[in-house]
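Student: One structure, as structure tokens, below. Some questions next.
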Amino acid sequence: MSDPALETLMLPLETGAVELSPNAKVLFLRARAGRALDALKGVDTLCVQSFAPDRDALQKSGFKVEAETGETGFDAVLVLPGRQRQEARAQLANAVAKAKDGGIVIACAPNTEGAKTLESDLDELLGGAEKLTKNKCRAVWETVRAEHLNEGLLKEWLALDAPRPVLDGAWVSRPGIFAWDRIDPASKLLAGLLPDTLKGKGADLGAGFGYLTRTVFEKAPKVAAMDLYEAEKRALDLAEQNLGSFKGKRALTGIWSDVTRGIEGPYDFIVSNPPFHQAGKADRADVGQGFIRAAAQGLRPGGEFFMVANRHLPYEHTLSEVFANVAMLADEGGYKVIRAVKGKGGR
């Protein structure tokens with residue numbers, strides 16, 4: 001698939017607007033795989049990516065990937081900031097903090113996702129910003145010089161995506177996580193329809209910061225264990241904090257993985273609010289369809305799958321292919337809640 005932001009990010013290197021020495025140390029924050037990364041071939045590059053599908057793709061391409069790094073002093077730091085404003089500023093500030101004095105920071109965003117703001121933010125931090133526009137995106141870059149660095153702003157922005165109490169202290173979350181400062185209405189609708197008769201071992205696919213799992217534990221005393229599958233490690237770490245009161249009482253396992261590649265099991269039941277966006281704003285029904293297939297594979301015969309989705313997403317055909325019984329539990333507020341049961345014959 002085309003990745004215009006990644007392709008534009010690499011243009012300063014490909015065009016010679018930015019030159020790296022053969023022995024340069026490069027850090028790529030929020031890295032994504034793609035043919036444009038050929039610009040970094042032969043360069044000592046460390047990729048940082050906490051989103052499992054992108055991590056997997058980068059590793060398959062031969063790059064070293066870590067969820068985070070404490071290393072600093074890089075000759076160049078590349079970054080593809082997220083769409084959420086606080087998280088994006090924190091990522092840009094982190095890129096600056098990881099670069100050595102005299103090193104360069106290169107960032108890129110689509111024009112519709114804050115590219116102009118990104119340029120002005122880099123200018124505020126470093127006292128200047130070069131730019132290049134293509135593919136409806138804007139790449140910006142500047143050299144880090146101690147005498148021009150806005151130290152106060154750097155410190156302020158580095159703290160913007162720190163974990164913090166939300167919803168009157170009932171949860172811990174951070175910017176950039178899905179529905180980070182609220183309970184998503186789709187998840188809330190599903191939670192209200194989960195039966196208190198659930199028991200045994202369950203799984204939460206796309207667990208976020210732990211809302212559905214906590215609901216299951218609070219409603220269903222016979223649930224002994226839950227596995228939390230989450231592609232975004234930053235969210236999974238938060239879920240661990242939010243479920244801390246159940247440690248020692250129920251078995252909890254966090255699994256940082258891409259659900260569409262399969263899950264463990266067998267499970268007595270599975271709950272899920274599947275994501276339908278990844279990089280970009282376009283709907284991705286294939287992700288939810290992958291969640292449905294993974295759930296069917298991971299359930300024991302007779303096991304139940306409870307999911308919620310936006311009403312317009314085409315999941316019914318996939319559900320009927322892999323489950324013996326499919327029923328609509330609710331259709332309200334633009335969302336649908338579905339219960340599916342795995343047949344005794346494995347479907």
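Ordering of the structure tokens sets the chain letters (A, B, ...), residue numbers begin anew at 1 in every chain, and ligands are numbered from 1 in the order given.
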At a cut-off of 12 Å, using only C-alpha atoms, what residues contact Pro165 in chain A? Leave out same-chain residues fewer than 6 positions from it and give the result as a VMD selection string.

Tutor: chain A and resid 171 to 175 180 to 182 238 241 to 242

Student: Could you write out the selected residues, including N, CA and C atoms, as an mmCIF file, in the first residue's frame?

Tutor:
```
data_model
loop_
_atom_site.group_PDB
_atom_site.id
_atom_site.type_symbol
_atom_site.label_atom_id
_atom_site.label_comp_id
_atom_site.auth_asym_id
_atom_site.auth_seq_id
_atom_site.Cartn_x
_atom_site.Cartn_y
_atom_site.Cartn_z
ATOM 1 N N TRP A 171 -9.545 6.080 35.892
ATOM 2 C CA TRP A 171 -8.684 5.401 34.929
ATOM 3 C C TRP A 171 -7.382 6.175 34.776
ATOM 4 N N VAL A 172 -6.367 5.495 34.268
ATOM 5 C CA VAL A 172 -5.120 6.141 33.854
ATOM 6 C C VAL A 172 -5.032 6.012 32.342
ATOM 7 N N SER A 173 -4.730 7.102 31.652
ATOM 8 C CA SER A 173 -4.621 7.059 30.201
ATOM 9 C C SER A 173 -3.605 8.100 29.744
ATOM 10 N N ARG A 174 -3.476 8.241 28.422
ATOM 11 C CA ARG A 174 -2.533 9.223 27.872
ATOM 12 C C ARG A 174 -2.959 9.574 26.446
ATOM 13 N N PRO A 175 -2.630 10.769 25.986
ATOM 14 C CA PRO A 175 -2.993 11.171 24.615
ATOM 15 C C PRO A 175 -2.426 10.207 23.573
ATOM 16 N N TRP A 180 -8.840 8.286 24.419
ATOM 17 C CA TRP A 180 -7.919 8.285 25.552
ATOM 18 C C TRP A 180 -8.482 8.935 26.814
ATOM 19 N N ASP A 181 -9.380 9.923 26.671
ATOM 20 C CA ASP A 181 -9.860 10.640 27.841
ATOM 21 C C ASP A 181 -11.359 10.465 28.083
ATOM 22 N N ARG A 182 -11.925 9.382 27.523
ATOM 23 C CA ARG A 182 -13.363 9.137 27.678
ATOM 24 C C ARG A 182 -13.618 7.638 27.510
ATOM 25 N N LEU A 238 -1.034 0.750 29.943
ATOM 26 C CA LEU A 238 -2.059 1.433 30.725
ATOM 27 C C LEU A 238 -3.088 0.450 31.271
ATOM 28 N N GLN A 241 -2.061 -1.088 34.436
ATOM 29 C CA GLN A 241 -2.279 -0.219 35.590
ATOM 30 C C GLN A 241 -3.752 -0.187 35.978
ATOM 31 N N ASN A 242 -4.624 -0.076 34.988
ATOM 32 C CA ASN A 242 -6.058 0.059 35.264
ATOM 33 C C ASN A 242 -6.688 -1.206 35.825
#
```

Student: I need the residues in range 62-309 of chain A that are strand (DSSP E or B) according to DSSP; give them as number ranges by chain.

Tutor: A: 64-66, 74-79, 99-110, 130-134, 137-143, 164-166, 171-173, 199-205, 222-230, 232, 247, 250-256, 267-272, 299-309

Student: What are the DSSP alpha helix (DSSP H) residues of range 54-148 of chain A, as a PyMOL selection string?

Tutor: chain A and resi 54-60+85-98+115-126

Student: Would you put the residues from that selection into a file with N, CA and C atoms, as a compact mmCIF listing (two decimals), in the first residue's frame?

Tutor:
```
# COMPACT_ATOMS: atom_id res chain seq x y z
N ASP A 54 3.00 -2.50 12.58
CA ASP A 54 4.14 -1.78 12.00
C ASP A 54 5.46 -2.36 12.49
N ARG A 55 5.52 -2.75 13.75
CA ARG A 55 6.73 -3.41 14.28
C ARG A 55 7.03 -4.66 13.47
N ASP A 56 6.02 -5.48 13.23
CA ASP A 56 6.21 -6.74 12.50
C ASP A 56 6.71 -6.48 11.08
N ALA A 57 6.12 -5.48 10.41
CA ALA A 57 6.50 -5.18 9.03
C ALA A 57 7.95 -4.67 8.96
N LEU A 58 8.34 -3.87 9.93
CA LEU A 58 9.72 -3.36 9.96
C LEU A 58 10.72 -4.48 10.20
N GLN A 59 10.39 -5.38 11.12
CA GLN A 59 11.29 -6.50 11.39
C GLN A 59 11.41 -7.40 10.17
N LYS A 60 10.29 -7.60 9.46
CA LYS A 60 10.32 -8.41 8.25
C LYS A 60 11.20 -7.77 7.18
N ARG A 85 -2.98 15.99 18.86
CA ARG A 85 -2.10 17.16 18.97
C ARG A 85 -1.07 17.02 20.09
N GLN A 86 -1.52 16.63 21.28
CA GLN A 86 -0.57 16.53 22.39
C GLN A 86 0.47 15.45 22.14
N GLU A 87 0.02 14.30 21.65
CA GLU A 87 0.95 13.22 21.36
C GLU A 87 1.95 13.64 20.28
N ALA A 88 1.46 14.32 19.24
CA ALA A 88 2.33 14.74 18.14
C ALA A 88 3.41 15.69 18.62
N ARG A 89 3.04 16.63 19.47
CA ARG A 89 4.05 17.57 20.00
C ARG A 89 5.04 16.85 20.90
N ALA A 90 4.57 15.87 21.67
CA ALA A 90 5.48 15.11 22.51
C ALA A 90 6.45 14.29 21.66
N GLN A 91 5.96 13.73 20.56
CA GLN A 91 6.83 12.95 19.67
C GLN A 91 7.86 13.84 18.99
N LEU A 92 7.46 15.03 18.58
CA LEU A 92 8.41 15.96 17.96
C LEU A 92 9.47 16.38 18.98
N ALA A 93 9.02 16.68 20.19
CA ALA A 93 9.98 17.06 21.24
C ALA A 93 10.92 15.91 21.56
N ASN A 94 10.41 14.70 21.56
CA ASN A 94 11.26 13.53 21.81
C ASN A 94 12.31 13.37 20.72
N ALA A 95 11.91 13.64 19.47
CA ALA A 95 12.87 13.58 18.36
C ALA A 95 14.00 14.57 18.58
N VAL A 96 13.65 15.77 19.01
CA VAL A 96 14.66 16.80 19.27
C VAL A 96 15.57 16.37 20.43
N ALA A 97 14.97 15.81 21.48
CA ALA A 97 15.75 15.41 22.65
C ALA A 97 16.70 14.25 22.34
N LYS A 98 16.34 13.41 21.36
CA LYS A 98 17.18 12.26 21.02
C LYS A 98 18.32 12.62 20.08
N ALA A 115 0.02 19.29 9.08
CA ALA A 115 1.34 19.55 8.50
C ALA A 115 1.82 20.98 8.77
N LYS A 116 0.91 21.95 8.62
CA LYS A 116 1.29 23.35 8.84
C LYS A 116 1.66 23.58 10.30
N THR A 117 0.90 22.99 11.21
CA THR A 117 1.21 23.09 12.64
C THR A 117 2.55 22.44 12.95
N LEU A 118 2.82 21.31 12.31
CA LEU A 118 4.09 20.61 12.51
C LEU A 118 5.26 21.52 12.15
N GLU A 119 5.15 22.22 11.04
CA GLU A 119 6.22 23.13 10.63
C GLU A 119 6.42 24.24 11.65
N SER A 120 5.34 24.85 12.11
CA SER A 120 5.47 25.95 13.08
C SER A 120 5.98 25.43 14.42
N ASP A 121 5.59 24.19 14.79
CA ASP A 121 6.09 23.61 16.05
C ASP A 121 7.59 23.38 16.00
N LEU A 122 8.08 22.85 14.89
CA LEU A 122 9.52 22.63 14.76
C LEU A 122 10.27 23.96 14.78
N ASP A 123 9.70 24.96 14.13
CA ASP A 123 10.29 26.30 14.13
C ASP A 123 10.38 26.86 15.55
N GLU A 124 9.31 26.65 16.34
CA GLU A 124 9.31 27.14 17.72
C GLU A 124 10.36 26.44 18.56
N LEU A 125 10.53 25.15 18.35
CA LEU A 125 11.49 24.38 19.14
C LEU A 125 12.93 24.70 18.78
N LEU A 126 13.21 24.80 17.46
CA LEU A 126 14.60 24.86 17.01
C LEU A 126 14.99 26.18 16.35
```

Student: Between A:Leu153, A:Ile104, A:Leu78, A:Ile263, which is the closest to Gly206 in chain A once you count only C-alpha atoms?

Tutor: A:Ile263

Student: Between A:Asn135, A:Ser187, A:Thr318, A:Gln289, which one has atoms that come closest to Ser272 in chain A, using only C-alpha atoms?

Tutor: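 Distance minimum relative to Ser272 in chain A lands on A:Ser187.
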
Student: Show which residues sit within 12 Å of range 231-235 of chain A, as number ranges by chain. Count only C-alpha atoms, and ignore same-chain residues fewer than 5 positions away.

Tutor: A: 30, 48-56, 66-68, 87, 161-163, 172-180, 204-211, 240-242, 254-261, 274-275, 278, 287, 291

Student: Please indicate the distance in Å from CA of Trp141 in chain A to CA of Ser61 in chain A, rounded to one decimal place.

Tutor: 25.5 Å
